[in-house]
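K.L.:
Please find input-v7.txt (compact mmCIF, C-alpha atoms) on the next line:
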# COMPACT_ATOMS: atom_id res chain seq x y z
CA MET A 846 123.14 96.31 87.10
CA THR A 847 125.21 98.63 89.24
CA GLU A 848 123.88 101.10 91.80
CA LYS A 849 124.67 103.95 89.41
CA GLU A 850 122.71 102.27 86.61
CA TYR A 851 119.81 101.68 88.99
CA ASN A 852 119.78 105.35 90.00
CA TYR A 853 119.81 106.28 86.32
CA CYS A 854 116.74 104.06 85.78
CA VAL A 855 114.95 105.77 88.66
CA SER A 856 115.62 109.25 87.29
CA GLN A 857 114.86 108.20 83.71
CA TYR A 858 111.70 106.10 84.10
CA ALA A 859 109.98 106.94 87.41
CA ASP A 860 107.79 109.67 85.95
CA ASN A 861 106.76 107.58 82.94
CA VAL A 862 105.83 104.56 85.03
CA TYR A 863 103.94 106.74 87.52
CA ARG A 864 102.03 108.55 84.76
CA PHE A 865 101.03 105.26 83.17
CA ILE A 866 99.78 103.79 86.44
CA VAL A 867 98.00 106.90 87.73
CA LYS A 868 96.16 107.34 84.40
CA ASN A 869 94.85 103.81 84.66
CA LEU A 870 94.00 103.81 88.37
CA ARG A 871 93.08 107.48 88.80
CA HIS A 872 94.35 107.25 92.38
CA GLU A 873 97.68 108.90 93.16
CA GLU A 874 98.52 107.12 96.41
CA ASP A 875 97.90 103.66 94.96
CA ALA A 876 99.93 104.60 91.87
CA ARG A 877 102.86 105.73 94.04
CA ASP A 878 102.75 102.45 95.97
CA ILE A 879 102.76 100.42 92.77
CA VAL A 880 105.66 102.41 91.29
CA GLN A 881 107.63 102.07 94.51
CA THR A 882 107.02 98.32 94.51
CA ALA A 883 108.21 98.08 90.89
CA PHE A 884 111.46 99.90 91.70
CA GLU A 885 111.89 97.82 94.83
CA LYS A 886 111.62 94.64 92.75
CA LEU A 887 114.10 96.06 90.25
CA TRP A 888 116.52 96.75 93.10
CA ARG A 889 116.12 93.24 94.54
CA ASN A 890 116.65 91.69 91.09
CA ARG A 891 119.35 94.09 89.86
CA GLU A 892 121.84 91.24 89.56
CA THR A 893 119.71 89.48 86.94
CA VAL A 894 118.11 92.44 85.11
CA GLU A 895 120.12 93.83 82.23
CA THR A 896 120.36 97.63 82.19
CA ASP A 897 119.07 97.94 78.62
CA LYS A 898 115.97 95.91 79.57
CA SER A 899 115.24 97.77 82.79
CA LYS A 900 112.52 99.96 81.24
CA SER A 901 110.61 96.96 80.00
CA TYR A 902 111.13 95.19 83.33
CA LEU A 903 109.80 98.17 85.30
CA PHE A 904 106.70 98.61 83.16
CA THR A 905 105.99 94.88 83.23
CA VAL A 906 106.26 94.69 87.02
CA ALA A 907 104.20 97.88 87.47
CA TYR A 908 101.56 96.67 85.02
CA ASN A 909 101.23 93.32 86.82
CA GLN A 910 101.05 95.05 90.22
CA MET A 911 98.34 97.35 88.84
CA ILE A 912 96.30 94.42 87.52
CA ASP A 913 96.53 92.69 90.91
CA HIS A 914 95.45 95.92 92.62
CA ILE A 915 92.49 96.38 90.25
CA ARG A 916 91.32 92.81 90.74
CA LYS A 917 91.54 93.14 94.50
CA ASN A 918 89.60 96.41 94.48
CA LYS A 919 86.93 95.02 92.13
CA ARG A 920 86.18 92.27 94.62
CA ILE A 921 85.93 94.81 97.44
CA GLN A 922 83.83 97.23 95.35
CA LEU A 923 81.44 94.50 94.27
CA LYS A 924 80.67 93.74 97.90
CA GLU A 925 80.13 97.44 98.65
CA ASP A 926 77.87 97.99 95.60
CA PHE A 927 75.19 95.66 96.91
CA GLN A 928 72.85 96.85 99.61
CA GLU A 929 71.91 94.54 102.43
CA ASP A 930 68.71 93.56 100.61
CA GLY A 931 70.72 92.52 97.53
CA ARG A 932 69.82 95.47 95.29
CA VAL A 933 72.56 97.27 93.39
CA GLN A 934 73.19 100.91 94.26
CA PHE A 935 73.58 103.36 91.38
CA GLN A 936 75.13 106.77 91.69
CA SER A 937 73.89 109.63 89.55
CA GLY A 938 75.97 112.48 88.22
CA GLY A 939 76.19 115.10 85.51
CA ASN A 940 77.13 114.30 81.96
CA ASN A 941 80.30 115.93 80.74
CA LEU A 942 83.03 115.08 78.30
CA LYS A 943 85.57 113.88 80.86
CA LYS A 944 83.03 111.62 82.53
CA THR A 945 81.98 110.17 79.16
CA LEU A 946 85.61 109.52 78.21
CA MET A 947 86.30 107.83 81.53
CA GLU A 948 83.17 105.70 81.14
CA ALA A 949 84.34 104.71 77.67
CA LEU A 950 87.77 103.73 78.97
CA ASN A 951 86.22 101.81 81.86
CA ARG A 952 84.25 99.70 79.36
CA LEU A 953 87.53 98.26 78.11
CA SER A 954 89.20 95.24 79.62
CA GLU A 955 92.25 95.89 81.78
CA THR A 956 94.50 94.81 78.92
CA GLN A 957 92.78 97.01 76.35
CA LYS A 958 92.81 100.03 78.64
CA SER A 959 96.52 99.60 79.32
CA LEU A 960 97.24 99.24 75.61
CA VAL A 961 95.40 102.46 74.80
CA MET A 962 97.18 104.32 77.60
CA LEU A 963 100.63 103.04 76.61
CA LYS A 964 100.19 103.74 72.91
CA ASP A 965 98.03 106.83 72.71
CA TYR A 966 98.94 108.59 75.94
CA GLU A 967 102.54 107.51 76.60
CA GLY A 968 103.52 107.07 72.95
CA TYR A 969 105.31 103.73 73.19
CA SER A 970 105.96 101.65 70.10
CA TYR A 971 104.14 98.38 69.45
CA GLU A 972 107.34 96.49 70.21
CA GLU A 973 107.85 98.26 73.55
CA ILE A 974 104.23 97.68 74.53
CA GLY A 975 104.60 94.00 73.65
CA GLN A 976 107.62 93.71 75.93
CA ILE A 977 105.86 95.50 78.78
CA MET A 978 102.68 93.45 78.55
CA GLY A 979 104.09 90.12 77.45
CA LEU A 980 102.41 90.15 74.03
CA ASN A 981 103.81 89.88 70.54
CA GLU A 982 103.60 92.86 68.21
CA SER A 983 100.70 91.41 66.22
CA GLN A 984 98.66 90.83 69.37
CA VAL A 985 99.30 94.41 70.46
CA LYS A 986 98.03 95.74 67.13
CA VAL A 987 94.93 93.54 67.11
CA TYR A 988 93.99 94.22 70.75
CA LEU A 989 94.60 97.94 70.32
CA HIS A 990 92.44 98.01 67.18
CA ARG A 991 89.61 96.25 69.01
CA ALA A 992 89.93 98.61 71.97
CA ARG A 993 89.73 101.65 69.71
CA LEU A 994 86.65 100.22 67.98
CA THR A 995 84.97 99.71 71.35
CA LEU A 996 85.82 103.28 72.34
CA ARG A 997 84.55 104.68 69.06
CA ASN A 998 81.30 102.74 69.19
CA TYR A 999 80.64 103.91 72.74
CA LEU A 1000 81.57 107.54 72.11
CA VAL A 1001 79.42 107.90 68.98
CA SER A 1002 76.36 106.18 70.43
CA PRO A 1003 73.28 108.45 70.47
CA GLU A 1004 73.14 108.73 74.26
CA ASN A 1005 76.72 110.09 74.37
CA VAL A 1006 76.56 112.50 71.44
CA ARG A 1007 75.08 115.86 72.39
The structure in this file should be written as structure tokens.

P.N.:
Amino acid sequence: MTEKEYNYCVSQYADNVYRFIVKNLRHEEDARDIVQTAFEKLWRNRETVETDKSKSYLFTVAYNQMIDHIRKNKRIQLKEDFQEDGRVQFQSGGNNLKKTLMEALNRLSETQKSLVMLKDYEGYSYEEIGQIMGLNESQVKVYLHRARLTLRNYLVSPENVR
């Protein structure tokens, strides 16, 4: 990959990768760091990455970075959620549609959430999602179907329907 091709990838895919990551993390600074790391890895590996596969490469690297970030933060959050006496702290808040949707998405596994975001929000094909996440097309369809069922069941439960 030449420098010109790399610059084309940056202009072509930076917004898409950022949007995907920020929708999953809901934290702009962390999303920017992850996207920057993905492009940095693309630059370092430009000799081995084919230009026509750069999109898949970027999303794969960004996705893996995001998963690592989520796992790291879950460990930190778990420690913070427990009070000194060992009881779990709960935070209360108002019920609104956005909160309910975010709660529904947060019930999904990291893989399922990413699948829903890539397919339903970003509009990628099953094949492209498979390349990004390292799954075959059948796995993408099955996991996405299960994720949507989980979302539906949560969203239509009596406590969420008003």

K.L.:
What are the centre and the three edge lengths of an axis-aligned box that wraps all atoms of region 889-903 of chain A in the file, given that 8 Å is added to every side, written as JSON and rounded to one decimal in Å?

P.N.:
{"center_x": 115.8, "center_y": 94.7, "center_z": 86.6, "size_x": 28.0, "size_y": 26.5, "size_z": 31.9}

K.L.:
Near Asn909 (chain A), counting all atoms listed in the file, which residues have an atom at most 12 Å away, once you skip same-chain residues fewer than 2 positions from it, shown as a list in words?

P.N.:
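The contact residues come out as Ile866, Ile879, Val880, Thr882, Ala883, Tyr902, Leu903, Phe904, Thr905, Val906, Ala907, Met911, Ile912, Asp913, His914, Ile915, Arg916, Glu955, Thr956, Ser959, Ile977, Met978 and Gly979 of chain A.
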
K.L.:
Residues near Ile974 (chain A), anyone? I mean within 12 Å using all atoms listed in the file, not counting same-chain ones fewer than 3 positions away, as a PyMOL selection string.

P.N.:
chain A and resi 865+900-902+904-905+908+956-957+959-965+967-971+977-986+988-989

K.L.:
Looking at A:Cys854, A:Val867, A:Ala876, A:Ala949, which one is nearest to Val1001 (chain A), with distances taken over only C-alpha atoms?

P.N.:
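Of A:Cys854, A:Val867, A:Ala876, A:Ala949, the one nearest Val1001 (chain A), counting only C-alpha atoms, is A:Ala949.
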
K.L.:
To one decimal place in Å, what is the distance between CA of Glu873 (chain A) and CA of Tyr853 (chain A)?

P.N.:
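Result for CA of Glu873 (chain A) versus CA of Tyr853 (chain A): 23.3 Å, one decimal.
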
K.L.:
Kindly indicate which residue among A:Asn852, A:Leu1000, A:Glu874, A:Gln881 lies nearest to Lys944 (chain A), using only C-alpha atoms for the distances.

P.N.:
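Of the candidates, the smallest distance to Lys944 (chain A) is held by A:Leu1000.
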
K.L.:
In terms of the shortest atom-to-atom distance over only C-alpha atoms, which of A:Tyr966, A:Tyr999, A:Tyr851, A:Phe884 is closest to Gln910 (chain A)?

P.N.:
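Looking only at the distances to Gln910 (chain A), the closest residue turns out to be A:Phe884.
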
K.L.:
What separation in Å, quoted to one decimal, exists between CA of Asp875 (chain A) and CA of Arg891 (chain A)?

P.N.:
24.0 Å

K.L.:
Looking at A:Ser856, A:Asn861, A:Asn869, A:Thr847, which one is nearest to Glu892 (chain A), with distances taken over all atoms listed in the file?

P.N.:
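Of the candidates, the smallest distance to Glu892 (chain A) is held by A:Thr847.
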
K.L.:
Using Å and a single decimal, report how far CA of Lys868 (chain A) sits from CA of Asn890 (chain A).

P.N.:
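Rounded to one decimal, the two atoms are 26.6 Å apart.
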
K.L.:
Between A:Tyr863, A:Thr995, A:Asn918, A:Lys898, which has the minimum distance to Arg877 (chain A) (counting only C-alpha atoms)?

P.N.:
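That would be A:Tyr863, the residue with the smallest distance to Arg877 (chain A).
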
K.L.:
Could N, CA and C atoms be built for region 877-898 of chain A and written out as a CSV table (one decimal), in the frame of the given file?

P.N.:
chain,number,residue,atom,x,y,z
A,877,ARG,N,101.5,105.6,93.4
A,877,ARG,CA,102.9,105.7,94.0
A,877,ARG,C,103.3,104.4,94.7
A,878,ASP,N,102.4,103.7,95.3
A,878,ASP,CA,102.8,102.4,96.0
A,878,ASP,C,103.2,101.4,94.9
A,879,ILE,N,102.5,101.4,93.8
A,879,ILE,CA,102.8,100.4,92.8
A,879,ILE,C,104.1,100.7,92.1
A,880,VAL,N,104.4,102.0,91.9
A,880,VAL,CA,105.7,102.4,91.3
A,880,VAL,C,106.8,102.1,92.3
A,881,GLN,N,106.6,102.4,93.5
A,881,GLN,CA,107.6,102.1,94.5
A,881,GLN,C,107.9,100.6,94.6
A,882,THR,N,106.9,99.8,94.5
A,882,THR,CA,107.0,98.3,94.5
A,882,THR,C,107.8,97.9,93.3
A,883,ALA,N,107.5,98.5,92.1
A,883,ALA,CA,108.2,98.1,90.9
A,883,ALA,C,109.7,98.4,91.0
A,884,PHE,N,110.0,99.6,91.5
A,884,PHE,CA,111.5,99.9,91.7
A,884,PHE,C,112.1,99.1,92.8
A,885,GLU,N,111.4,98.7,93.8
A,885,GLU,CA,111.9,97.8,94.8
A,885,GLU,C,112.2,96.4,94.2
A,886,LYS,N,111.4,95.9,93.4
A,886,LYS,CA,111.6,94.6,92.8
A,886,LYS,C,112.8,94.7,91.8
A,887,LEU,N,112.9,95.9,91.1
A,887,LEU,CA,114.1,96.1,90.2
A,887,LEU,C,115.4,96.0,91.1
A,888,TRP,N,115.3,96.7,92.2
A,888,TRP,CA,116.5,96.8,93.1
A,888,TRP,C,116.9,95.3,93.6
A,889,ARG,N,115.9,94.6,94.0
A,889,ARG,CA,116.1,93.2,94.5
A,889,ARG,C,116.6,92.3,93.4
A,890,ASN,N,116.3,92.6,92.2
A,890,ASN,CA,116.6,91.7,91.1
A,890,ASN,C,117.7,92.3,90.2
A,891,ARG,N,118.4,93.3,90.7
A,891,ARG,CA,119.4,94.1,89.9
A,891,ARG,C,120.5,93.2,89.3
A,892,GLU,N,120.8,92.1,90.0
A,892,GLU,CA,121.8,91.2,89.6
A,892,GLU,C,121.5,90.5,88.3
A,893,THR,N,120.2,90.3,88.1
A,893,THR,CA,119.7,89.5,86.9
A,893,THR,C,119.1,90.3,85.8
A,894,VAL,N,118.7,91.6,86.1
A,894,VAL,CA,118.1,92.4,85.1
A,894,VAL,C,119.2,93.2,84.4
A,895,GLU,N,119.2,93.1,83.0
A,895,GLU,CA,120.1,93.8,82.2
A,895,GLU,C,119.7,95.3,82.2
A,896,THR,N,120.7,96.2,82.2
A,896,THR,CA,120.4,97.6,82.2
A,896,THR,C,119.5,98.1,81.0
A,897,ASP,N,119.8,97.5,79.8
A,897,ASP,CA,119.1,97.9,78.6
A,897,ASP,C,117.6,97.4,78.6
A,898,LYS,N,117.3,96.5,79.5
A,898,LYS,CA,116.0,95.9,79.6
A,898,LYS,C,115.2,96.4,80.8
